>>> print(open('target.tsv').read())   # TSV, N, CA, C and O atoms
chain	number	residue	atom	x	y	z
A	221	MET	N	109.35	113.30	116.67
A	221	MET	CA	108.11	113.93	117.10
A	221	MET	C	108.00	115.31	116.45
A	221	MET	O	108.96	116.07	116.43
A	222	MET	N	106.84	115.59	115.92
A	222	MET	CA	106.60	116.89	115.28
A	222	MET	C	106.18	117.91	116.33
A	222	MET	O	105.44	117.59	117.25
A	223	GLY	N	106.64	119.14	116.14
A	223	GLY	CA	106.20	120.23	116.99
A	223	GLY	C	104.89	120.80	116.47
A	223	GLY	O	104.46	120.51	115.34
A	224	LYS	N	104.24	121.62	117.28
A	224	LYS	CA	102.94	122.17	116.90
A	224	LYS	C	103.02	123.04	115.63
A	224	LYS	O	102.11	123.01	114.81
A	225	GLU	N	104.11	123.78	115.48
A	225	GLU	CA	104.24	124.63	114.30
A	225	GLU	C	104.33	123.79	113.02
A	225	GLU	O	103.70	124.11	112.01
A	226	GLU	N	105.09	122.70	113.09
A	226	GLU	CA	105.21	121.80	111.94
A	226	GLU	C	103.87	121.12	111.64
A	226	GLU	O	103.49	120.96	110.48
A	227	ILE	N	103.16	120.73	112.69
A	227	ILE	CA	101.85	120.10	112.51
A	227	ILE	C	100.90	121.09	111.84
A	227	ILE	O	100.17	120.73	110.90
A	228	TYR	N	100.90	122.33	112.31
A	228	TYR	CA	100.03	123.36	111.74
A	228	TYR	C	100.35	123.57	110.25
A	228	TYR	O	99.45	123.63	109.41
A	229	LYS	N	101.64	123.61	109.92
A	229	LYS	CA	102.04	123.78	108.53
A	229	LYS	C	101.55	122.61	107.67
A	229	LYS	O	100.98	122.81	106.60
A	230	LYS	N	101.77	121.39	108.14
A	230	LYS	CA	101.32	120.19	107.41
A	230	LYS	C	99.80	120.17	107.28
A	230	LYS	O	99.26	119.80	106.24
A	231	LEU	N	99.12	120.56	108.35
A	231	LEU	CA	97.66	120.58	108.32
A	231	LEU	C	97.14	121.58	107.29
A	231	LEU	O	96.23	121.27	106.52
A	232	LYS	N	97.74	122.76	107.26
A	232	LYS	CA	97.33	123.76	106.26
A	232	LYS	C	97.56	123.22	104.85
A	232	LYS	O	96.69	123.35	103.99
A	233	GLU	N	98.73	122.64	104.62
A	233	GLU	CA	99.02	122.07	103.30
A	233	GLU	C	97.97	121.01	102.92
A	233	GLU	O	97.51	120.96	101.78
A	234	THR	N	97.61	120.18	103.88
A	234	THR	CA	96.63	119.13	103.65
A	234	THR	C	95.26	119.72	103.34
A	234	THR	O	94.58	119.27	102.41
A	235	LEU	N	94.85	120.73	104.11
A	235	LEU	CA	93.54	121.35	103.88
A	235	LEU	C	93.48	122.05	102.53
A	235	LEU	O	92.45	122.01	101.85
A	236	ILE	N	94.57	122.67	102.14
A	236	ILE	CA	94.61	123.33	100.83
A	236	ILE	C	94.52	122.30	99.72
A	236	ILE	O	93.75	122.46	98.76
A	237	GLU	N	95.29	121.22	99.85
A	237	GLU	CA	95.30	120.18	98.82
A	237	GLU	C	93.97	119.43	98.75
A	237	GLU	O	93.42	119.22	97.67
A	238	LEU	N	93.46	119.04	99.90
A	238	LEU	CA	92.28	118.18	99.95
A	238	LEU	C	90.98	118.94	99.69
A	238	LEU	O	90.09	118.44	99.01
A	239	PHE	N	90.88	120.17	100.21
A	239	PHE	CA	89.62	120.91	100.13
A	239	PHE	C	89.72	122.21	99.34
A	239	PHE	O	88.76	122.97	99.28
A	240	GLN	N	90.89	122.51	98.78
A	240	GLN	CA	91.12	123.71	97.99
A	240	GLN	C	90.81	125.01	98.75
A	240	GLN	O	90.30	125.98	98.18
A	241	PHE	N	91.12	125.04	100.05
A	241	PHE	CA	90.94	126.27	100.83
A	241	PHE	C	92.02	127.27	100.45
A	241	PHE	O	93.14	126.89	100.13
A	242	GLU	N	91.68	128.53	100.54
A	242	GLU	CA	92.68	129.58	100.41
A	242	GLU	C	93.41	129.69	101.74
A	242	GLU	O	92.78	129.62	102.80
A	243	GLU	N	94.72	129.84	101.67
A	243	GLU	CA	95.54	129.79	102.88
A	243	GLU	C	95.11	130.82	103.93
A	243	GLU	O	95.14	130.53	105.13
A	244	HIS	N	94.69	132.00	103.53
A	244	HIS	CA	94.33	133.04	104.50
A	244	HIS	C	93.12	132.64	105.36
A	244	HIS	O	92.91	133.21	106.42
A	245	ARG	N	92.34	131.65	104.92
A	245	ARG	CA	91.20	131.18	105.71
A	245	ARG	C	91.61	130.22	106.82
A	245	ARG	O	90.80	129.90	107.69
A	246	LEU	N	92.85	129.76	106.80
A	246	LEU	CA	93.28	128.69	107.69
A	246	LEU	C	94.14	129.22	108.83
A	246	LEU	O	95.35	129.07	108.85
A	247	THR	N	93.48	129.82	109.79
A	247	THR	CA	94.16	130.30	110.99
A	247	THR	C	93.90	129.31	112.12
A	247	THR	O	93.00	128.45	112.02
A	248	LEU	N	94.67	129.41	113.18
A	248	LEU	CA	94.45	128.51	114.31
A	248	LEU	C	93.04	128.63	114.89
A	248	LEU	O	92.48	127.66	115.37
A	249	SER	N	92.46	129.81	114.79
A	249	SER	CA	91.12	130.01	115.37
A	249	SER	C	89.99	129.71	114.38
A	249	SER	O	88.82	129.81	114.75
A	250	SER	N	90.33	129.31	113.16
A	250	SER	CA	89.28	128.97	112.19
A	250	SER	C	88.45	127.80	112.72
A	250	SER	O	89.00	126.77	113.12
A	251	ARG	N	87.13	128.00	112.74
A	251	ARG	CA	86.23	126.96	113.23
A	251	ARG	C	85.89	126.02	112.08
A	251	ARG	O	85.54	126.45	110.99
A	252	LEU	N	86.00	124.73	112.36
A	252	LEU	CA	85.81	123.73	111.31
A	252	LEU	C	84.41	123.79	110.72
A	252	LEU	O	84.26	123.87	109.49
A	253	ALA	N	83.39	123.75	111.54
A	253	ALA	CA	82.01	123.72	111.03
A	253	ALA	C	81.55	125.08	110.53
A	253	ALA	O	81.03	125.20	109.43
A	254	GLU	N	81.77	126.11	111.35
A	254	GLU	CA	81.21	127.42	111.02
A	254	GLU	C	81.99	128.15	109.93
A	254	GLU	O	81.41	128.68	109.00
A	255	ASP	N	83.31	128.18	110.04
A	255	ASP	CA	84.12	128.95	109.10
A	255	ASP	C	84.49	128.16	107.84
A	255	ASP	O	84.55	128.72	106.75
A	256	LEU	N	84.75	126.86	108.02
A	256	LEU	CA	85.22	126.04	106.90
A	256	LEU	C	84.14	125.10	106.36
A	256	LEU	O	84.38	124.37	105.41
A	257	GLU	N	82.98	125.12	107.00
A	257	GLU	CA	81.82	124.33	106.58
A	257	GLU	C	82.12	122.85	106.51
A	257	GLU	O	81.67	122.14	105.61
A	258	PHE	N	82.89	122.35	107.49
A	258	PHE	CA	83.19	120.93	107.59
A	258	PHE	C	81.96	120.17	108.05
A	258	PHE	O	81.22	120.64	108.90
A	259	ASP	N	81.78	118.98	107.49
A	259	ASP	CA	80.78	118.06	108.02
A	259	ASP	C	81.50	116.79	108.45
A	259	ASP	O	82.73	116.70	108.37
A	260	SER	N	80.77	115.81	108.92
A	260	SER	CA	81.41	114.60	109.45
A	260	SER	C	82.22	113.86	108.39
A	260	SER	O	83.27	113.30	108.69
A	261	ILE	N	81.78	113.86	107.15
A	261	ILE	CA	82.52	113.21	106.07
A	261	ILE	C	83.85	113.93	105.84
A	261	ILE	O	84.89	113.28	105.62
A	262	ASP	N	83.84	115.26	105.90
A	262	ASP	CA	85.09	116.02	105.74
A	262	ASP	C	86.10	115.67	106.84
A	262	ASP	O	87.30	115.56	106.57
A	263	VAL	N	85.61	115.51	108.06
A	263	VAL	CA	86.50	115.16	109.17
A	263	VAL	C	87.12	113.79	108.93
A	263	VAL	O	88.32	113.59	109.12
A	264	ILE	N	86.31	112.84	108.46
A	264	ILE	CA	86.83	111.50	108.16
A	264	ILE	C	87.88	111.58	107.06
A	264	ILE	O	88.95	110.96	107.17
A	265	ASP	N	87.61	112.34	106.01
A	265	ASP	CA	88.58	112.52	104.93
A	265	ASP	C	89.88	113.12	105.46
A	265	ASP	O	90.97	112.68	105.09
A	266	LEU	N	89.75	114.12	106.33
A	266	LEU	CA	90.93	114.76	106.90
A	266	LEU	C	91.74	113.78	107.75
A	266	LEU	O	92.96	113.72	107.64
A	267	VAL	N	91.07	112.99	108.57
A	267	VAL	CA	91.77	112.03	109.42
A	267	VAL	C	92.50	111.00	108.56
A	267	VAL	O	93.66	110.67	108.83
A	268	HIS	N	91.86	110.53	107.49
A	268	HIS	CA	92.54	109.58	106.60
A	268	HIS	C	93.78	110.20	105.97
A	268	HIS	O	94.83	109.56	105.85
A	269	ARG	N	93.68	111.45	105.57
A	269	ARG	CA	94.83	112.12	104.97
A	269	ARG	C	95.92	112.34	106.02
A	269	ARG	O	97.11	112.18	105.73
A	270	LEU	N	95.54	112.67	107.25
A	270	LEU	CA	96.53	112.84	108.32
A	270	LEU	C	97.24	111.52	108.62
A	270	LEU	O	98.43	111.51	108.92
A	271	GLU	N	96.52	110.41	108.49
A	271	GLU	CA	97.15	109.11	108.66
A	271	GLU	C	98.25	108.92	107.60
A	271	GLU	O	99.33	108.42	107.91
A	272	ASP	N	97.95	109.32	106.37
A	272	ASP	CA	98.93	109.20	105.29
A	272	ASP	C	100.15	110.09	105.56
A	272	ASP	O	101.29	109.67	105.33
A	273	VAL	N	99.91	111.29	106.04
A	273	VAL	CA	100.98	112.26	106.27
A	273	VAL	C	101.86	111.85	107.45
A	273	VAL	O	103.08	112.00	107.40
A	274	THR	N	101.26	111.31	108.49
A	274	THR	CA	102.01	111.00	109.71
A	274	THR	C	102.46	109.54	109.81
A	274	THR	O	103.28	109.21	110.66
A	275	ASP	N	101.90	108.67	108.99
A	275	ASP	CA	102.16	107.23	109.06
A	275	ASP	C	101.69	106.62	110.38
A	275	ASP	O	102.24	105.62	110.85
A	276	TRP	N	100.69	107.21	111.00
A	276	TRP	CA	100.10	106.68	112.22
A	276	TRP	C	98.69	106.22	111.92
A	276	TRP	O	98.02	106.75	111.04
A	277	LYS	N	98.22	105.25	112.68
A	277	LYS	CA	96.82	104.88	112.65
A	277	LYS	C	96.12	105.80	113.63
A	277	LYS	O	96.44	105.84	114.81
A	278	ILE	N	95.17	106.60	113.12
A	278	ILE	CA	94.51	107.60	113.95
A	278	ILE	C	93.05	107.22	114.13
A	278	ILE	O	92.33	107.01	113.15
A	279	ASP	N	92.62	107.13	115.37
A	279	ASP	CA	91.22	106.86	115.67
A	279	ASP	C	90.45	108.18	115.64
A	279	ASP	O	90.86	109.16	116.26
A	280	ILE	N	89.36	108.19	114.92
A	280	ILE	CA	88.53	109.41	114.76
A	280	ILE	C	88.11	109.98	116.12
A	280	ILE	O	87.88	111.18	116.24
A	281	ILE	N	88.06	109.15	117.14
A	281	ILE	CA	87.64	109.60	118.47
A	281	ILE	C	88.55	110.70	119.01
A	281	ILE	O	88.12	111.55	119.78
A	282	HIS	N	89.81	110.75	118.55
A	282	HIS	CA	90.74	111.78	119.00
A	282	HIS	C	90.31	113.17	118.53
A	282	HIS	O	90.78	114.17	119.05
A	283	PHE	N	89.44	113.22	117.55
A	283	PHE	CA	89.02	114.50	116.99
A	283	PHE	C	87.56	114.83	117.32
A	283	PHE	O	87.01	115.79	116.80
A	284	LYS	N	86.97	114.05	118.19
A	284	LYS	CA	85.56	114.24	118.55
A	284	LYS	C	85.28	115.64	119.09
A	284	LYS	O	84.26	116.23	118.77
A	285	GLU	N	86.18	116.17	119.88
A	285	GLU	CA	85.98	117.47	120.50
A	285	GLU	C	86.59	118.63	119.71
A	285	GLU	O	86.49	119.78	120.13
A	286	ALA	N	87.23	118.34	118.59
A	286	ALA	CA	87.89	119.38	117.81
A	286	ALA	C	86.87	120.31	117.17
A	286	ALA	O	85.98	119.88	116.45
A	287	ARG	N	87.02	121.59	117.45
A	287	ARG	CA	86.13	122.61	116.89
A	287	ARG	C	86.87	123.60	116.01
A	287	ARG	O	86.29	124.24	115.16
A	288	THR	N	88.19	123.72	116.25
A	288	THR	CA	89.00	124.69	115.51
A	288	THR	C	90.23	123.99	114.94
A	288	THR	O	90.54	122.86	115.32
A	289	ILE	N	90.92	124.69	114.05
A	289	ILE	CA	92.18	124.14	113.53
A	289	ILE	C	93.16	123.93	114.68
A	289	ILE	O	93.88	122.93	114.71
A	290	GLU	N	93.18	124.84	115.64
A	290	GLU	CA	94.09	124.67	116.78
A	290	GLU	C	93.77	123.40	117.55
A	290	GLU	O	94.68	122.70	118.01
A	291	ASP	N	92.50	123.06	117.69
A	291	ASP	CA	92.11	121.81	118.36
A	291	ASP	C	92.67	120.60	117.61
A	291	ASP	O	93.13	119.64	118.23
A	292	VAL	N	92.64	120.64	116.29
A	292	VAL	CA	93.19	119.54	115.48
A	292	VAL	C	94.70	119.46	115.67
A	292	VAL	O	95.26	118.38	115.87
A	293	VAL	N	95.37	120.61	115.64
A	293	VAL	CA	96.82	120.65	115.86
A	293	VAL	C	97.15	120.04	117.22
A	293	VAL	O	98.05	119.20	117.34
A	294	ASN	N	96.41	120.43	118.25
A	294	ASN	CA	96.67	119.90	119.59
A	294	ASN	C	96.42	118.40	119.67
A	294	ASN	O	97.18	117.68	120.33
A	295	ALA	N	95.39	117.91	118.99
A	295	ALA	CA	95.09	116.48	118.99
A	295	ALA	C	96.22	115.70	118.31
A	295	ALA	O	96.66	114.66	118.81
A	296	VAL	N	96.69	116.19	117.18
A	296	VAL	CA	97.79	115.52	116.47
A	296	VAL	C	99.07	115.58	117.31
A	296	VAL	O	99.81	114.61	117.40
A	297	TYR	N	99.30	116.70	117.97
A	297	TYR	CA	100.47	116.84	118.83
A	297	TYR	C	100.43	115.82	119.97
A	297	TYR	O	101.43	115.15	120.26
A	298	ARG	N	99.26	115.67	120.61
A	298	ARG	CA	99.12	114.68	121.68
A	298	ARG	C	99.40	113.28	121.14
A	298	ARG	O	100.07	112.47	121.78
A	299	LEU	N	98.87	112.98	119.96
A	299	LEU	CA	99.11	111.68	119.35
A	299	LEU	C	100.60	111.46	119.07
A	299	LEU	O	101.12	110.36	119.25
A	300	SER	N	101.29	112.52	118.64
A	300	SER	CA	102.72	112.39	118.36
A	300	SER	C	103.49	112.12	119.65
A	300	SER	O	104.45	111.35	119.65
A	301	GLN	N	103.07	112.75	120.74
A	301	GLN	CA	103.74	112.49	122.03
A	301	GLN	C	103.50	111.06	122.49
A	301	GLN	O	104.40	110.41	122.97
A	302	GLU	N	102.25	110.60	122.34
A	302	GLU	CA	101.94	109.22	122.73
A	302	GLU	C	102.71	108.23	121.86
A	302	GLU	O	103.22	107.23	122.36
A	303	SER	N	102.81	108.54	120.59
A	303	SER	CA	103.52	107.66	119.65
A	303	SER	C	104.99	107.57	120.00
A	303	SER	O	105.59	106.50	119.98
A	304	SER	N	105.61	108.70	120.34
A	304	SER	CA	107.03	108.69	120.67
A	304	SER	C	107.28	108.06	122.04
A	304	SER	O	108.34	107.49	122.26
A	305	ALA	N	106.30	108.12	122.93
A	305	ALA	CA	106.46	107.53	124.25
A	305	ALA	C	106.41	106.00	124.18
A	305	ALA	O	107.05	105.32	124.99
A	306	THR	N	105.67	105.46	123.21
A	306	THR	CA	105.56	104.02	123.09
A	306	THR	C	106.61	103.42	122.17
A	306	THR	O	106.74	102.23	122.06
A	307	ALA	N	107.36	104.30	121.49
A	307	ALA	CA	108.38	103.80	120.55
A	307	ALA	C	109.65	103.39	121.25
A	307	ALA	O	109.94	103.68	122.32
>>> encode(input="target.tsv", output="structure tokens")
Amino acid sequence: MMGKEEIYKKLKETLIELFQFEEHRLTLSSRLAEDLEFDSIDVIDLVHRLEDVTDWKIDIIHFKEARTIEDVVNAVYRLSQESSATA
């Protein structure tokens, strides 16, 4: 199971690779839509990449309420807990 700090690190690496963000823009409080200009297609791309990174099948519904990077970290963390509980 990954901890939140590791998830945050992987998420930043993914965002930099996938969307070419500068690292200083990627704080836990960065808002996906307002600060990073994410749209629904970007969220789908991110979820697919997170599936590759984590080797989990991730339902987009888990990110429906995500507004910030911290929300994404928390959603992935919850998924990791559920995944380890069923293993």
>>> residues_around(input="target.tsv", residues="A:Thr288", least_positions_apart="3", cutoff="8 Å", atoms="all atoms listed in the file", output="compact mmCIF listing (two decimals) with N, CA, C and O atoms, keeping the file's coordinate frame")
# COMPACT_ATOMS: atom_id res chain seq x y z
N THR A 247 93.48 129.82 109.79
CA THR A 247 94.16 130.30 110.99
C THR A 247 93.90 129.31 112.12
O THR A 247 93.00 128.45 112.02
N LEU A 248 94.67 129.41 113.18
CA LEU A 248 94.45 128.51 114.31
C LEU A 248 93.04 128.63 114.89
O LEU A 248 92.48 127.66 115.37
N SER A 249 92.46 129.81 114.79
CA SER A 249 91.12 130.01 115.37
C SER A 249 89.99 129.71 114.38
O SER A 249 88.82 129.81 114.75
N SER A 250 90.33 129.31 113.16
CA SER A 250 89.28 128.97 112.19
C SER A 250 88.45 127.80 112.72
O SER A 250 89.00 126.77 113.12
N ARG A 251 87.13 128.00 112.74
CA ARG A 251 86.23 126.96 113.23
C ARG A 251 85.89 126.02 112.08
O ARG A 251 85.54 126.45 110.99
N LEU A 252 86.00 124.73 112.36
CA LEU A 252 85.81 123.73 111.31
C LEU A 252 84.41 123.79 110.72
O LEU A 252 84.26 123.87 109.49
N ALA A 253 83.39 123.75 111.54
CA ALA A 253 82.01 123.72 111.03
C ALA A 253 81.55 125.08 110.53
O ALA A 253 81.03 125.20 109.43
N GLU A 285 86.18 116.17 119.88
CA GLU A 285 85.98 117.47 120.50
C GLU A 285 86.59 118.63 119.71
O GLU A 285 86.49 119.78 120.13
N ASP A 291 92.50 123.06 117.69
CA ASP A 291 92.11 121.81 118.36
C ASP A 291 92.67 120.60 117.61
O ASP A 291 93.13 119.64 118.23
N VAL A 292 92.64 120.64 116.29
CA VAL A 292 93.19 119.54 115.48
C VAL A 292 94.70 119.46 115.67
O VAL A 292 95.26 118.38 115.87
N VAL A 293 95.37 120.61 115.64
CA VAL A 293 96.82 120.65 115.86
C VAL A 293 97.15 120.04 117.22
O VAL A 293 98.05 119.20 117.34
N ASN A 294 96.41 120.43 118.25
CA ASN A 294 96.67 119.90 119.59
C ASN A 294 96.42 118.40 119.67
O ASN A 294 97.18 117.68 120.33
N ALA A 295 95.39 117.91 118.99
CA ALA A 295 95.09 116.48 118.99
C ALA A 295 96.22 115.70 118.31
O ALA A 295 96.66 114.66 118.81
>>> select_by_dssp(input="target.tsv", residues="chain A", states="helix (DSSP H, G or I)", output="ChimeraX atom specification")
/A:224-239,243-245,260-274,280-283,289-306
>>> atom_distance(input="target.tsv", atom1="atom CA of A:Met221", atom2="atom N of A:Phe258")
28.3 Å
>>> atom_distance(input="target.tsv", atom1="atom CA of A:Ser304", atom2="atom N of A:Phe283")
18.4 Å
>>> closest_atom_pairs(input="target.tsv", of="stretch 241-286 of chain A", to="stretch 224-237 of chain A", cutoff="7 Å", atoms="all atoms listed in the file", output="tab-separated table")
residue	atom	partner	partner_atom	distance
A:Phe241	N	A:Leu235	O	3.8
A:Glu242	N	A:Ile236	CA	6.0
A:Glu243	N	A:Ile236	CA	6.6
A:Leu246	O	A:Lys232	CA	6.2
>>> atom_distance(input="target.tsv", atom1="atom N of A:Ile280", atom2="atom C of A:Ile264")
8.7 Å
>>> axis_aligned_box(input="target.tsv", around="stretch 256-267 of chain A", padding_each_side="8 Å", output="JSON")
{"center_x": 87.2, "center_y": 118.8, "center_z": 107.2, "size_x": 28.9, "size_y": 32.2, "size_z": 20.5}
>>> build_atoms(input="target.tsv", residues="stretch 292-303 of chain A", atoms="all heavy atoms", output="mmCIF file, in the coordinates of the input")
data_model
loop_
_atom_site.group_PDB
_atom_site.id
_atom_site.type_symbol
_atom_site.label_atom_id
_atom_site.label_comp_id
_atom_site.auth_asym_id
_atom_site.auth_seq_id
_atom_site.Cartn_x
_atom_site.Cartn_y
_atom_site.Cartn_z
ATOM 1 N N VAL A 292 92.640 120.640 116.290
ATOM 2 C CA VAL A 292 93.190 119.540 115.480
ATOM 3 C C VAL A 292 94.700 119.460 115.670
ATOM 4 O O VAL A 292 95.260 118.380 115.870
ATOM 5 C CB VAL A 292 92.824 119.699 113.988
ATOM 6 C CG1 VAL A 292 93.498 118.622 113.150
ATOM 7 C CG2 VAL A 292 91.308 119.666 113.792
ATOM 8 N N VAL A 293 95.370 120.610 115.640
ATOM 9 C CA VAL A 293 96.820 120.650 115.860
ATOM 10 C C VAL A 293 97.150 120.040 117.220
ATOM 11 O O VAL A 293 98.050 119.200 117.340
ATOM 12 C CB VAL A 293 97.367 122.093 115.762
ATOM 13 C CG1 VAL A 293 98.801 122.175 116.269
ATOM 14 C CG2 VAL A 293 97.262 122.610 114.337
ATOM 15 N N ASN A 294 96.410 120.430 118.250
ATOM 16 C CA ASN A 294 96.670 119.900 119.590
ATOM 17 C C ASN A 294 96.420 118.400 119.670
ATOM 18 O O ASN A 294 97.180 117.680 120.330
ATOM 19 C CB ASN A 294 95.819 120.649 120.629
ATOM 20 C CG ASN A 294 96.296 122.064 120.843
ATOM 21 O OD1 ASN A 294 97.461 122.393 120.631
ATOM 22 N ND2 ASN A 294 95.388 122.934 121.241
ATOM 23 N N ALA A 295 95.390 117.910 118.990
ATOM 24 C CA ALA A 295 95.090 116.480 118.990
ATOM 25 C C ALA A 295 96.220 115.700 118.310
ATOM 26 O O ALA A 295 96.660 114.660 118.810
ATOM 27 C CB ALA A 295 93.755 116.213 118.306
ATOM 28 N N VAL A 296 96.690 116.190 117.180
ATOM 29 C CA VAL A 296 97.790 115.520 116.470
ATOM 30 C C VAL A 296 99.070 115.580 117.310
ATOM 31 O O VAL A 296 99.810 114.610 117.400
ATOM 32 C CB VAL A 296 98.015 116.133 115.068
ATOM 33 C CG1 VAL A 296 99.262 115.560 114.415
ATOM 34 C CG2 VAL A 296 96.791 115.904 114.187
ATOM 35 N N TYR A 297 99.300 116.700 117.970
ATOM 36 C CA TYR A 297 100.470 116.840 118.830
ATOM 37 C C TYR A 297 100.430 115.820 119.970
ATOM 38 O O TYR A 297 101.430 115.150 120.260
ATOM 39 C CB TYR A 297 100.567 118.257 119.376
ATOM 40 C CG TYR A 297 101.786 118.489 120.229
ATOM 41 C CD1 TYR A 297 103.047 118.592 119.653
ATOM 42 C CD2 TYR A 297 101.681 118.594 121.608
ATOM 43 C CE1 TYR A 297 104.182 118.788 120.423
ATOM 44 C CE2 TYR A 297 102.801 118.796 122.400
ATOM 45 C CZ TYR A 297 104.042 118.895 121.802
ATOM 46 O OH TYR A 297 105.163 119.088 122.576
ATOM 47 N N ARG A 298 99.260 115.670 120.610
ATOM 48 C CA ARG A 298 99.120 114.680 121.680
ATOM 49 C C ARG A 298 99.400 113.280 121.140
ATOM 50 O O ARG A 298 100.070 112.470 121.780
ATOM 51 C CB ARG A 298 97.723 114.748 122.306
ATOM 52 C CG ARG A 298 97.548 115.860 123.310
ATOM 53 C CD ARG A 298 96.259 115.740 124.112
ATOM 54 N NE ARG A 298 95.065 115.692 123.289
ATOM 55 C CZ ARG A 298 94.426 116.759 122.802
ATOM 56 N NH1 ARG A 298 94.884 117.966 123.057
ATOM 57 N NH2 ARG A 298 93.337 116.622 122.078
ATOM 58 N N LEU A 299 98.870 112.980 119.960
ATOM 59 C CA LEU A 299 99.110 111.680 119.350
ATOM 60 C C LEU A 299 100.600 111.460 119.070
ATOM 61 O O LEU A 299 101.120 110.360 119.250
ATOM 62 C CB LEU A 299 98.326 111.535 118.054
ATOM 63 C CG LEU A 299 96.818 111.367 118.207
ATOM 64 C CD1 LEU A 299 96.140 111.486 116.851
ATOM 65 C CD2 LEU A 299 96.496 110.028 118.847
ATOM 66 N N SER A 300 101.290 112.520 118.640
ATOM 67 C CA SER A 300 102.720 112.390 118.360
ATOM 68 C C SER A 300 103.490 112.120 119.650
ATOM 69 O O SER A 300 104.450 111.350 119.650
ATOM 70 C CB SER A 300 103.259 113.615 117.642
ATOM 71 O OG SER A 300 103.379 114.728 118.491
ATOM 72 N N GLN A 301 103.070 112.750 120.740
ATOM 73 C CA GLN A 301 103.740 112.490 122.030
ATOM 74 C C GLN A 301 103.500 111.060 122.490
ATOM 75 O O GLN A 301 104.400 110.410 122.970
ATOM 76 C CB GLN A 301 103.230 113.477 123.085
ATOM 77 C CG GLN A 301 103.732 114.884 122.878
ATOM 78 C CD GLN A 301 103.280 115.805 123.985
ATOM 79 O OE1 GLN A 301 102.118 115.782 124.382
ATOM 80 N NE2 GLN A 301 104.201 116.625 124.467
ATOM 81 N N GLU A 302 102.250 110.600 122.340
ATOM 82 C CA GLU A 302 101.940 109.220 122.730
ATOM 83 C C GLU A 302 102.710 108.230 121.860
ATOM 84 O O GLU A 302 103.220 107.230 122.360
ATOM 85 C CB GLU A 302 100.437 108.965 122.576
ATOM 86 C CG GLU A 302 99.585 109.714 123.579
ATOM 87 C CD GLU A 302 98.098 109.632 123.284
ATOM 88 O OE1 GLU A 302 97.707 108.827 122.399
ATOM 89 O OE2 GLU A 302 97.329 110.374 123.906
ATOM 90 N N SER A 303 102.810 108.540 120.590
ATOM 91 C CA SER A 303 103.520 107.660 119.650
ATOM 92 C C SER A 303 104.990 107.570 120.000
ATOM 93 O O SER A 303 105.590 106.500 119.980
ATOM 94 C CB SER A 303 103.338 108.168 118.216
ATOM 95 O OG SER A 303 104.081 107.406 117.312
#
